[in-house]
>>> print(open('input03.txt').read())   # compact mmCIF, C-alpha atoms
# COMPACT_ATOMS: atom_id res chain seq x y z
CA MET A 1 -18.21 -35.69 27.13
CA ILE A 2 -18.57 -33.84 23.82
CA GLU A 3 -14.81 -33.18 23.81
CA TYR A 4 -14.00 -36.88 24.14
CA MET A 5 -16.38 -37.67 21.28
CA ILE A 6 -14.57 -35.12 19.07
CA TYR A 7 -11.19 -36.51 20.14
CA THR A 8 -12.25 -40.06 19.24
CA PHE A 9 -13.52 -39.03 15.81
CA LEU A 10 -10.37 -37.03 15.10
CA ALA A 11 -8.16 -39.92 16.21
CA ILE A 12 -9.95 -42.32 13.84
CA ASN A 13 -9.62 -39.72 11.08
CA MET A 14 -5.88 -39.30 11.63
CA ILE A 15 -5.18 -43.04 11.82
CA PHE A 16 -7.05 -43.94 8.65
CA ASN A 17 -5.87 -40.98 6.58
CA LEU A 18 -2.25 -41.75 7.48
CA LEU A 19 -2.85 -45.45 6.78
CA GLY A 20 -4.28 -44.58 3.37
CA SER A 21 -1.21 -42.60 2.39
CA ILE A 22 1.19 -45.20 3.81
CA SER A 23 -0.60 -47.90 1.82
CA LEU A 24 0.55 -46.05 -1.32
CA HIS A 25 4.10 -47.10 -0.38
CA ARG A 26 3.42 -50.57 1.06
CA PHE A 27 1.58 -52.14 -1.88
CA PRO A 28 3.27 -53.28 -5.09
CA ASP A 29 1.02 -52.09 -7.96
CA VAL A 30 -1.65 -49.59 -9.01
CA TYR A 31 -4.71 -51.68 -8.20
CA THR A 32 -3.74 -52.61 -4.66
CA ARG A 33 -2.67 -49.03 -4.03
CA LEU A 34 -6.09 -47.85 -5.16
CA HIS A 35 -7.67 -50.17 -2.56
CA GLY A 36 -5.80 -48.53 0.28
CA ALA A 37 -6.06 -44.99 -1.07
CA THR A 38 -9.79 -44.98 -1.82
CA LYS A 39 -11.15 -46.89 1.16
CA CYS A 40 -8.98 -45.50 3.93
CA THR A 41 -9.12 -41.84 2.92
CA THR A 42 -12.90 -41.91 2.35
CA PHE A 43 -13.43 -43.51 5.75
CA GLY A 44 -11.06 -41.08 7.47
CA THR A 45 -12.78 -38.07 5.90
CA ILE A 46 -16.20 -39.30 7.07
CA PHE A 47 -14.92 -39.11 10.64
CA ALA A 48 -13.27 -35.71 10.10
CA VAL A 49 -16.64 -34.37 8.95
CA LEU A 50 -18.42 -36.04 11.89
CA ALA A 51 -16.03 -34.34 14.29
CA VAL A 52 -16.57 -30.94 12.64
CA VAL A 53 -20.36 -31.41 12.70
CA VAL A 54 -20.38 -32.36 16.40
CA HIS A 55 -18.12 -29.41 17.22
CA ALA A 56 -20.26 -26.98 15.18
CA LEU A 57 -23.55 -28.15 16.69
CA TYR A 58 -22.09 -27.89 20.20
CA GLN A 59 -20.89 -24.34 19.53
CA LEU A 60 -24.30 -23.55 18.01
CA ARG A 61 -25.97 -24.56 21.27
CA ILE A 62 -23.61 -22.43 23.34
CA THR A 63 -23.29 -19.27 21.24
CA ASN A 64 -26.45 -19.37 19.07
CA ASP A 65 -24.41 -17.99 16.16
CA PRO A 66 -25.79 -18.97 12.69
CA LYS A 67 -22.30 -19.35 11.24
CA TYR A 68 -21.93 -22.66 13.09
CA LEU A 69 -25.13 -23.92 11.47
CA GLN A 70 -23.62 -23.03 8.10
CA MET A 71 -20.41 -24.84 9.06
CA ALA A 72 -22.26 -28.07 9.90
CA LEU A 73 -24.47 -28.02 6.78
CA HIS A 74 -21.62 -27.19 4.41
CA SER A 75 -19.36 -29.93 5.73
CA VAL A 76 -22.17 -32.45 5.24
CA VAL A 77 -22.54 -31.28 1.62
CA ALA A 78 -18.77 -31.64 1.12
CA LEU A 79 -18.94 -35.18 2.55
CA ILE A 80 -21.78 -36.15 0.18
CA ALA A 81 -19.84 -34.77 -2.80
CA LEU A 82 -16.77 -36.76 -1.75
CA LEU A 83 -18.73 -40.00 -1.14
CA LEU A 84 -20.35 -39.83 -4.57
CA THR A 85 -17.21 -38.97 -6.52
CA ASN A 86 -14.46 -41.01 -4.83
CA PRO A 87 -15.41 -44.60 -5.83
CA THR A 88 -16.23 -43.47 -9.35
CA GLY A 89 -12.84 -41.82 -9.72
CA ALA A 90 -11.11 -44.97 -8.43
CA HIS A 91 -13.02 -47.08 -10.94
CA ALA A 92 -12.03 -44.72 -13.78
CA ILE A 93 -8.35 -44.85 -12.81
CA ALA A 94 -8.38 -48.66 -12.51
CA LYS A 95 -9.98 -49.12 -15.91
CA ALA A 96 -7.65 -46.59 -17.54
CA ALA A 97 -4.61 -48.28 -15.96
CA HIS A 98 -5.67 -51.67 -17.28
CA LEU A 99 -6.40 -50.36 -20.76
CA SER A 100 -3.07 -48.49 -20.87
CA GLY A 101 -1.28 -51.78 -20.28
CA VAL A 102 -0.34 -51.95 -16.59
CA LYS A 103 -0.64 -55.58 -15.48
CA PRO A 104 -1.54 -56.52 -11.89
CA VAL A 105 1.60 -57.75 -10.08
CA LYS A 106 1.54 -61.32 -8.67
CA ALA A 107 -2.04 -61.79 -9.90
CA VAL A 108 -3.62 -65.19 -9.32
CA ILE A 109 -6.13 -64.70 -12.14
CA ASP A 110 -6.82 -61.91 -14.64
CA ALA A 111 -10.26 -62.43 -16.17
CA TYR A 112 -10.46 -58.95 -17.67
CA GLU A 113 -7.27 -59.51 -19.69
CA ARG A 114 -8.79 -62.71 -21.10
CA LYS A 115 -11.94 -60.84 -22.06
CA LEU A 116 -9.95 -58.10 -23.81
CA GLU A 117 -7.98 -60.73 -25.77
CA GLU A 118 -11.20 -62.47 -26.85
CA GLY A 119 -12.59 -59.14 -27.97
CA ALA A 120 -9.47 -58.43 -30.04
CA GLN A 121 -9.66 -61.70 -31.99
CA MET B 1 -9.39 -18.00 18.14
CA ILE B 2 -7.89 -21.30 17.05
CA VAL B 3 -9.39 -24.62 18.11
CA GLU B 4 -6.10 -26.44 18.66
CA ILE B 5 -7.18 -30.06 18.32
CA PHE B 6 -8.55 -29.48 14.81
CA PHE B 7 -5.38 -27.65 13.88
CA TYR B 8 -3.15 -30.55 14.96
CA SER B 9 -5.27 -33.16 13.19
CA ALA B 10 -5.11 -31.03 10.03
CA LEU B 11 -1.33 -31.11 10.47
CA VAL B 12 -1.34 -34.94 10.62
CA VAL B 13 -3.55 -35.11 7.54
CA MET B 14 -1.07 -32.87 5.73
CA ILE B 15 1.78 -35.24 6.68
CA GLY B 16 -0.27 -37.95 4.97
CA ALA B 17 -0.63 -35.65 1.97
CA PHE B 18 3.16 -35.36 1.91
CA PHE B 19 3.47 -39.16 1.65
CA ALA B 20 1.01 -39.10 -1.26
CA LEU B 21 3.13 -36.38 -2.88
CA LEU B 22 6.18 -38.66 -2.59
CA ARG B 23 4.26 -41.29 -4.56
CA VAL B 24 3.52 -38.66 -7.22
CA PHE B 25 7.27 -37.93 -7.48
CA PHE B 26 8.60 -41.52 -7.45
CA GLY B 27 5.71 -43.42 -9.06
CA PRO B 28 7.24 -45.69 -11.70
CA SER B 29 4.26 -45.58 -14.07
CA VAL B 30 1.77 -42.85 -14.97
CA PRO B 31 -1.28 -44.52 -13.29
CA ASP B 32 0.75 -44.65 -10.05
CA ARG B 33 1.12 -40.90 -10.16
CA VAL B 34 -2.59 -40.46 -10.88
CA VAL B 35 -3.43 -42.57 -7.81
CA GLY B 36 -1.14 -40.31 -5.80
CA VAL B 37 -2.90 -37.18 -7.10
CA ASP B 38 -6.32 -38.68 -6.33
CA THR B 39 -5.30 -39.45 -2.73
CA LEU B 40 -3.81 -35.98 -2.42
CA ASN B 41 -7.12 -34.42 -3.48
CA THR B 42 -9.13 -36.33 -0.87
CA LEU B 43 -6.62 -35.49 1.85
CA ILE B 44 -6.66 -31.80 0.91
CA VAL B 45 -10.47 -31.75 1.16
CA ALA B 46 -10.24 -33.34 4.62
CA GLY B 47 -7.55 -30.86 5.64
CA MET B 48 -9.58 -27.88 4.42
CA ILE B 49 -12.64 -28.99 6.38
CA LEU B 50 -10.51 -29.39 9.52
CA LEU B 51 -8.84 -26.00 9.01
CA GLY B 52 -12.23 -24.39 8.50
CA ALA B 53 -13.28 -25.70 11.91
CA ALA B 54 -9.94 -24.69 13.44
CA TYR B 55 -10.07 -21.07 12.25
CA ASP B 56 -13.90 -20.74 12.52
CA ARG B 57 -14.19 -19.80 8.85
CA THR B 58 -17.03 -21.39 6.85
CA ILE B 59 -15.55 -20.14 3.58
CA TYR B 60 -12.79 -22.81 3.79
CA ILE B 61 -15.46 -25.51 3.76
CA ASP B 62 -17.15 -23.94 0.73
CA ILE B 63 -13.82 -24.13 -1.06
CA ALA B 64 -13.55 -27.78 -0.03
CA ILE B 65 -16.90 -28.55 -1.73
CA VAL B 66 -15.82 -26.91 -4.98
CA TYR B 67 -12.38 -28.55 -4.79
CA ALA B 68 -13.91 -32.02 -4.33
CA LEU B 69 -16.15 -31.65 -7.38
CA LEU B 70 -13.47 -30.08 -9.61
CA SER B 71 -10.74 -32.56 -8.67
CA TYR B 72 -13.12 -35.38 -9.59
CA ILE B 73 -13.53 -33.89 -13.06
CA GLY B 74 -9.74 -33.60 -13.31
CA THR B 75 -9.26 -37.26 -12.35
CA LEU B 76 -11.85 -38.34 -14.93
CA ALA B 77 -10.14 -36.28 -17.64
CA ILE B 78 -6.72 -37.82 -16.89
CA ALA B 79 -8.23 -41.32 -16.82
CA ARG B 80 -9.90 -40.73 -20.19
CA TYR B 81 -6.60 -39.52 -21.60
CA LEU B 82 -4.74 -42.58 -20.28
CA GLN B 83 -7.13 -45.09 -21.81
CA GLY B 84 -6.75 -43.45 -25.20
CA GLY B 85 -9.45 -40.87 -25.72
CA LEU B 86 -13.22 -41.23 -25.87
CA GLU B 87 -13.30 -44.81 -27.23
CA MET C 1 -41.23 -33.01 -15.87
CA SER C 2 -37.44 -33.07 -15.72
CA PHE C 3 -37.51 -29.25 -15.43
CA ILE C 4 -39.49 -29.47 -12.19
CA ILE C 5 -37.26 -32.15 -10.70
CA VAL C 6 -33.98 -30.39 -11.47
CA PHE C 7 -35.46 -27.11 -10.26
CA MET C 8 -36.53 -28.69 -6.99
CA TRP C 9 -33.19 -30.34 -6.28
CA SER C 10 -31.09 -27.29 -7.15
CA PHE C 11 -33.35 -25.12 -5.01
CA VAL C 12 -32.99 -27.54 -2.08
CA LEU C 13 -29.20 -27.46 -2.50
CA TRP C 14 -29.31 -23.65 -2.61
CA LEU C 15 -31.41 -23.60 0.58
CA VAL C 16 -28.93 -25.90 2.34
CA LEU C 17 -25.95 -23.80 1.27
CA THR C 18 -27.45 -20.43 2.20
CA ALA C 19 -29.17 -21.33 5.48
CA GLY C 20 -28.39 -18.90 8.31
CA THR C 21 -28.36 -15.65 6.34
CA LYS C 22 -31.13 -14.13 8.48
CA GLY C 23 -31.10 -15.54 11.95
CA MET C 24 -31.32 -19.30 11.42
CA LEU C 25 -33.46 -18.88 8.29
CA TRP C 26 -33.15 -17.37 4.82
CA SER C 27 -33.30 -13.71 3.82
CA PRO C 28 -35.78 -12.85 1.00
CA GLU C 29 -32.99 -11.75 -1.36
CA GLU C 30 -31.32 -15.16 -1.09
CA LEU C 31 -34.63 -16.91 -1.81
CA ALA C 32 -35.25 -14.77 -4.91
CA ALA C 33 -31.70 -15.36 -6.21
CA GLY C 34 -32.18 -19.09 -5.54
CA VAL C 35 -35.35 -19.20 -7.67
CA ILE C 36 -33.59 -17.39 -10.54
CA PHE C 37 -30.44 -19.55 -10.52
CA SER C 38 -32.35 -22.84 -10.14
CA SER C 39 -34.53 -21.90 -13.11
CA ILE C 40 -31.43 -21.20 -15.21
CA VAL C 41 -29.83 -24.53 -14.22
CA ALA C 42 -33.05 -26.47 -14.78
CA TYR C 43 -33.72 -24.85 -18.16
CA SER C 44 -30.22 -25.46 -19.47
CA THR C 45 -30.12 -29.15 -18.42
CA LYS C 46 -33.65 -30.15 -19.37
CA ASN C 47 -32.48 -32.11 -22.43
CA ILE C 48 -29.71 -33.90 -20.54
CA VAL C 49 -31.58 -35.23 -17.51
CA GLY C 50 -34.37 -37.01 -19.33
CA GLU C 51 -37.73 -38.34 -18.23
CA LYS C 52 -36.43 -41.16 -16.02
CA ALA C 53 -35.61 -38.54 -13.40
CA SER C 54 -39.11 -38.89 -11.95
CA ARG C 55 -37.85 -41.77 -9.81
CA PHE C 56 -36.06 -39.18 -7.66
CA LEU C 57 -39.47 -38.00 -6.45
CA ASN C 58 -40.27 -41.20 -4.55
CA PRO C 59 -39.93 -40.60 -0.77
CA SER C 60 -39.74 -44.31 0.11
CA LYS C 61 -36.64 -44.52 -2.07
CA TRP C 62 -34.98 -41.65 -0.17
CA LEU C 63 -35.69 -43.51 3.06
CA GLY C 64 -34.24 -46.65 1.51
CA PHE C 65 -31.04 -44.78 0.58
CA VAL C 66 -30.66 -43.36 4.09
CA VAL C 67 -31.23 -46.77 5.72
CA TYR C 68 -28.84 -48.42 3.24
CA SER C 69 -26.01 -45.94 3.71
CA VAL C 70 -26.26 -45.81 7.50
CA GLY C 71 -26.76 -49.55 7.97
CA PRO C 72 -25.19 -52.14 5.62
CA LEU C 73 -22.91 -49.77 3.67
CA PHE C 74 -21.35 -48.17 6.74
CA TRP C 75 -20.84 -51.54 8.44
CA GLY C 76 -19.25 -52.85 5.25
CA MET C 77 -16.90 -49.85 5.21
CA VAL C 78 -15.84 -50.46 8.82
CA LYS C 79 -14.99 -54.09 7.98
CA ALA C 80 -13.25 -53.00 4.76
CA ASN C 81 -11.00 -50.55 6.55
CA LEU C 82 -9.98 -52.96 9.30
CA ASP C 83 -9.19 -55.48 6.54
CA VAL C 84 -7.11 -52.97 4.55
CA ALA C 85 -5.34 -51.83 7.74
CA TYR C 86 -4.39 -55.46 8.44
CA ARG C 87 -3.05 -55.86 4.92
CA VAL C 88 -1.12 -52.59 5.00
CA ILE C 89 0.61 -53.60 8.22
CA THR C 90 1.35 -57.24 7.40
CA GLY C 91 1.67 -56.97 3.61
CA LYS C 92 -0.13 -60.27 2.96
CA ILE C 93 -1.89 -59.96 -0.39
CA LYS C 94 -3.05 -62.39 -3.08
CA PRO C 95 -4.54 -60.15 -5.77
CA GLY C 96 -6.42 -61.02 -8.93
CA ILE C 97 -9.15 -59.81 -11.27
CA VAL C 98 -12.26 -62.00 -11.27
CA ARG C 99 -15.45 -61.99 -13.30
CA VAL C 100 -18.60 -61.80 -11.19
CA PRO C 101 -21.95 -62.58 -12.83
CA VAL C 102 -24.75 -60.35 -11.51
CA ASP C 103 -28.46 -60.20 -12.20
CA LEU C 104 -29.44 -56.53 -12.57
CA GLU C 105 -31.62 -54.66 -15.03
CA ASN C 106 -30.73 -50.99 -15.48
CA GLU C 107 -27.71 -48.72 -15.23
CA ALA C 108 -28.66 -47.11 -11.91
CA GLN C 109 -28.47 -50.54 -10.27
CA TYR C 110 -25.03 -51.18 -11.80
CA THR C 111 -23.83 -47.80 -10.53
CA ILE C 112 -25.06 -48.42 -6.98
CA LEU C 113 -23.60 -51.95 -6.87
CA SER C 114 -20.20 -50.96 -8.31
CA ASN C 115 -19.81 -48.01 -5.96
CA SER C 116 -20.78 -50.15 -2.97
CA ILE C 117 -18.33 -52.86 -4.03
CA THR C 118 -15.53 -50.31 -4.30
CA LEU C 119 -16.12 -49.10 -0.75
CA THR C 120 -16.41 -52.54 0.87
CA PRO C 121 -13.95 -55.29 1.87
CA GLY C 122 -11.07 -56.04 -0.42
CA THR C 123 -12.72 -55.40 -3.77
CA LEU C 124 -12.54 -52.70 -6.45
CA THR C 125 -14.73 -52.61 -9.56
CA ILE C 126 -12.73 -52.29 -12.77
CA GLU C 127 -15.40 -52.64 -15.43
CA ALA C 128 -19.16 -53.11 -15.53
CA CYS C 129 -20.50 -54.92 -18.60
CA PRO C 130 -24.31 -54.62 -18.73
CA ASP C 131 -24.46 -56.48 -22.06
CA GLU C 132 -22.93 -59.67 -20.62
CA LYS C 133 -24.38 -59.10 -17.13
CA ALA C 134 -21.05 -59.20 -15.34
CA LEU C 135 -18.73 -57.07 -13.27
CA TYR C 136 -14.94 -57.31 -13.42
CA VAL C 137 -13.66 -56.90 -9.90
CA HIS C 138 -10.11 -56.56 -8.57
CA TRP C 139 -9.97 -58.66 -5.43
CA ILE C 140 -7.12 -58.17 -3.00
CA ASN C 141 -7.37 -61.66 -1.50
CA VAL C 142 -8.73 -64.15 -4.03
CA THR C 143 -10.36 -67.13 -2.32
CA GLU C 144 -12.43 -68.32 -5.28
CA PRO C 145 -11.05 -67.68 -8.80
CA GLU C 146 -14.38 -68.07 -10.62
CA PRO C 147 -17.32 -67.06 -8.39
CA GLN C 148 -20.78 -68.10 -9.57
CA SER C 149 -22.70 -65.27 -7.86
CA SER C 150 -21.93 -61.94 -6.22
CA GLU C 151 -22.65 -63.43 -2.79
CA VAL C 152 -18.94 -64.06 -2.02
CA ILE C 153 -17.92 -60.52 -2.89
CA ALA C 154 -20.81 -58.23 -2.13
CA GLY C 155 -22.93 -60.12 0.41
CA SER C 156 -26.42 -58.61 0.50
CA PHE C 157 -25.56 -55.54 -1.62
CA GLU C 158 -26.99 -56.99 -4.84
CA LYS C 159 -30.44 -57.29 -3.26
CA TRP C 160 -30.23 -53.69 -1.99
CA ALA C 161 -29.06 -52.39 -5.37
CA ARG C 162 -31.92 -54.18 -7.14
CA ARG C 163 -34.46 -52.68 -4.75
CA LEU C 164 -33.04 -49.12 -4.75
CA GLY C 165 -32.36 -48.73 -8.46
CA LYS C 166 -35.81 -49.73 -9.72
>>> encode(input="input03.txt", output="structure tokens")
Amino acid sequence: MIEYMIYTFLAINMIFNLLGSISLHRFPDVYTRLHGATKCTTFGTIFAVLAVVVHALYQLRITNDPKYLQMALHSVVALIALLLTNPTGAHAIAKAAHLSGVKPVKAVIDAYERKLEEGAQ
Amino acid sequence: MIVEIFFYSALVVMIGAFFALLRVFFGPSVPDRVVGVDTLNTLIVAGMILLGAAYDRTIYIDIAIVYALLSYIGTLAIARYLQGGLE
Amino acid sequence: MSFIIVFMWSFVLWLVLTAGTKGMLWSPEELAAGVIFSSIVAYSTKNIVGEKASRFLNPSKWLGFVVYSVGPLFWGMVKANLDVAYRVITGKIKPGIVRVPVDLENEAQYTILSNSITLTPGTLTIEACPDEKALYVHWINVTEPEPQSSEVIAGSFEKWARRLGK
């Protein structure tokens, strides 16, 4: 039962992490690539951590070894650090890309460009 | 003792990291490469957590925490540099 | 005030990271080292954190964050990832950068809303402008070039951000 739960979590993790890195090659420009990269890899890592936590708690129940408690707690801390920093980093890259002059490809509308031009005048 | 399933999923995550590395090599513009590096960082953190579970070593997960926080600072520094300094 | 808050949070983090050094609990040496290091961290950052930090002491807000991240945010991420998976496989995109007017008061609310928007379906915050009360959002599938509220993009997240960031 526990094994199948770990297998499911790891399968979701593998699918979404691979999808995130493939999206870097499928999409045409920086902004759309950031969509795939940020969302898919964050989601995949959540499930990797869930699998590790389930595994560690299960081993803790069997062996009663405190190192598995440490493993579970530390992976949760790593997940929190990743969840807080990943969207912020994506936002910083997107803003820097726009300010350094990379235009979105095939864009229907670019309101930020208009705002920058108004600010320049 | 190696928990095999975690080891194989870490392997798949590293294949994903290889794709991200290809984007770093071929990316036509600088922001493309930065996106590749950012993805690479997240995938390496995931891979380290999985390897820590595979080899039963908590120290790998500690390194993953520090790597996540430091790589974020690195991304911010590169982004600041790209947009032309501190305003 | 900010000294106490930073001290408390760094000590909690230290306790989480060093749990299991003596049985399932903490050894006295670890606790003593934790007190010393948290005091150093708290003393050296007491001018940076500021007085507003007292809002981190409100337990109902912690509960709100837990409910928010397990409920609406996680469900939004599931939808976002299925959406991105569909677009990666088929390659159908219609991107654009739109201006979204929002009605928020302080910077914490802007941070929560922008981070939630980045993690949820098809949108990525590029710039937050508190002085003109608007967010600039990259949208992977533009259905409405000039939205009048954040309802189309963020759903109920603006309400949550307003409540949590107070």
>>> closest_residue(input="input03.txt", among="B:Pro28, B:Ser71, B:Gln83, B:Ala54", to="chain A", atoms="only C-alpha atoms")
B:Gln83
>>> closest_atom_pairs(input="input03.txt", of="range 39-92 of chain A", to="range 61-85 of chain C", cutoff="9 Å", atoms="only C-alpha atoms", output="JSON lines")
{"residue": "A:Lys39", "atom": "CA", "partner": "C:Asn81", "partner_atom": "CA", "distance": 6.5}
{"residue": "A:Cys40", "atom": "CA", "partner": "C:Asn81", "partner_atom": "CA", "distance": 6.0}
{"residue": "A:Phe43", "atom": "CA", "partner": "C:Met77", "partner_atom": "CA", "distance": 7.2}
>>> closest_atom_pairs(input="input03.txt", of="chain C", to="chain A", cutoff="6 Å", atoms="only C-alpha atoms", output="JSON lines")
{"residue": "C:Gly20", "atom": "CA", "partner": "A:Pro66", "partner_atom": "CA", "distance": 5.1}
{"residue": "C:Met24", "atom": "CA", "partner": "A:Pro66", "partner_atom": "CA", "distance": 5.7}
{"residue": "C:Val88", "atom": "CA", "partner": "A:Ser23", "partner_atom": "CA", "distance": 5.7}
{"residue": "C:Pro95", "atom": "CA", "partner": "A:Ala107", "partner_atom": "CA", "distance": 5.1}
{"residue": "C:Gly96", "atom": "CA", "partner": "A:Ala107", "partner_atom": "CA", "distance": 4.6}
{"residue": "C:Ile97", "atom": "CA", "partner": "A:Asp110", "partner_atom": "CA", "distance": 4.6}
{"residue": "C:Val98", "atom": "CA", "partner": "A:Ala111", "partner_atom": "CA", "distance": 5.3}
{"residue": "C:Arg99", "atom": "CA", "partner": "A:Ala111", "partner_atom": "CA", "distance": 5.9}
{"residue": "C:Asn115", "atom": "CA", "partner": "A:Pro87", "partner_atom": "CA", "distance": 5.6}
{"residue": "C:Thr118", "atom": "CA", "partner": "A:Pro87", "partner_atom": "CA", "distance": 5.9}
{"residue": "C:Leu119", "atom": "CA", "partner": "A:Lys39", "partner_atom": "CA", "distance": 5.8}
{"residue": "C:Thr125", "atom": "CA", "partner": "A:His91", "partner_atom": "CA", "distance": 6.0}
{"residue": "C:Ile126", "atom": "CA", "partner": "A:Lys95", "partner_atom": "CA", "distance": 5.2}
>>> closest_residue(input="input03.txt", among="B:Ala46, B:Ile61, B:Ile73, B:Val24", to="Val12 in chain B", atoms="only C-alpha atoms")
B:Ala46
>>> residues_around(input="input03.txt", residues="Leu43 in chain B", least_positions_apart="2", cutoff="7 Å", atoms="only C-alpha atoms", output="list of chain:residue names")
A:Thr41, B:Val13, B:Ala17, B:Thr39, B:Leu40, B:Asn41, B:Val45, B:Ala46, B:Gly47
>>> write_last_selection(input="input03.txt", atoms="C-alpha atoms", output="tab-separated table (two decimals), in the coordinates of the input")
chain	number	residue	atom	x	y	z
A	41	THR	CA	-9.12	-41.84	2.92
B	13	VAL	CA	-3.55	-35.11	7.54
B	17	ALA	CA	-0.63	-35.65	1.97
B	39	THR	CA	-5.30	-39.45	-2.73
B	40	LEU	CA	-3.81	-35.98	-2.42
B	41	ASN	CA	-7.12	-34.42	-3.48
B	45	VAL	CA	-10.47	-31.75	1.16
B	46	ALA	CA	-10.24	-33.34	4.62
B	47	GLY	CA	-7.55	-30.86	5.64
>>> interface_residues(input="input03.txt", of="chain B", to="chain C", cutoff="12 Å", atoms="only C-alpha atoms", output="VMD selection string")
chain B and resid 58 to 59 61 to 62 65
>>> write_last_selection(input="input03.txt", atoms="C-alpha atoms", output="PDB file, in the coordinates of the input")
ATOM      1  CA  THR B  58     -17.030 -21.390   6.850  1.00  0.00           C
ATOM      2  CA  ILE B  59     -15.550 -20.140   3.580  1.00  0.00           C
ATOM      3  CA  ILE B  61     -15.460 -25.510   3.760  1.00  0.00           C
ATOM      4  CA  ASP B  62     -17.150 -23.940   0.730  1.00  0.00           C
ATOM      5  CA  ILE B  65     -16.900 -28.550  -1.730  1.00  0.00           C
TER       6      ILE B  65
END
>>> axis_aligned_box(input="input03.txt", around="range 56-71 of chain B", padding_each_side="6 Å", output="AutoDock Vina command-line options")
--center_x -13.9 --center_y -26.2 --center_z 1.5 --size_x 18.4 --size_y 24.8 --size_z 34.1
>>> interface_residues(input="input03.txt", of="chain B", to="chain A", cutoff="9 Å", atoms="all atoms listed in the file", output="ChimeraX atom specification")
/B:5-6,9-10,12-13,15-20,22-23,29-32,34-36,38-40,42-43,45-47,49-50,52-53,56-59,61-62,64-66,68-69,72-73,75-76,78-84
>>> closest_residue(input="input03.txt", among="C:Phe3, C:Trp14, C:Tyr136, C:Trp9", to="Ile48 in chain C", atoms="only C-alpha atoms")
C:Phe3
>>> atom_distance(input="input03.txt", atom1="CA of Glu107 in chain C", atom2="CA of Arg162 in chain C")
10.6 Å
>>> atom_distance(input="input03.txt", atom1="CA of Glu105 in chain C", atom2="CA of Leu124 in chain C")
21.0 Å
>>> atom_distance(input="input03.txt", atom1="CA of Ile5 in chain C", atom2="CA of Leu57 in chain C")
7.6 Å
>>> residues_around(input="input03.txt", residues="Val49 in chain C", least_positions_apart="6", cutoff="12 Å", atoms="all atoms listed in the file", output="list in words")
Met1, Ser2, Phe3, Ile4, Ile5, Val6, Phe7, Val41, Ala42, Tyr43, Arg55 and Phe56 of chain C
>>> residues_near_point(input="input03.txt", point="(-20.0, -61.9, -15.6)", cutoff="7 Å", atoms="all atoms listed in the file", output="number ranges by chain")
C: 99-102, 132-135
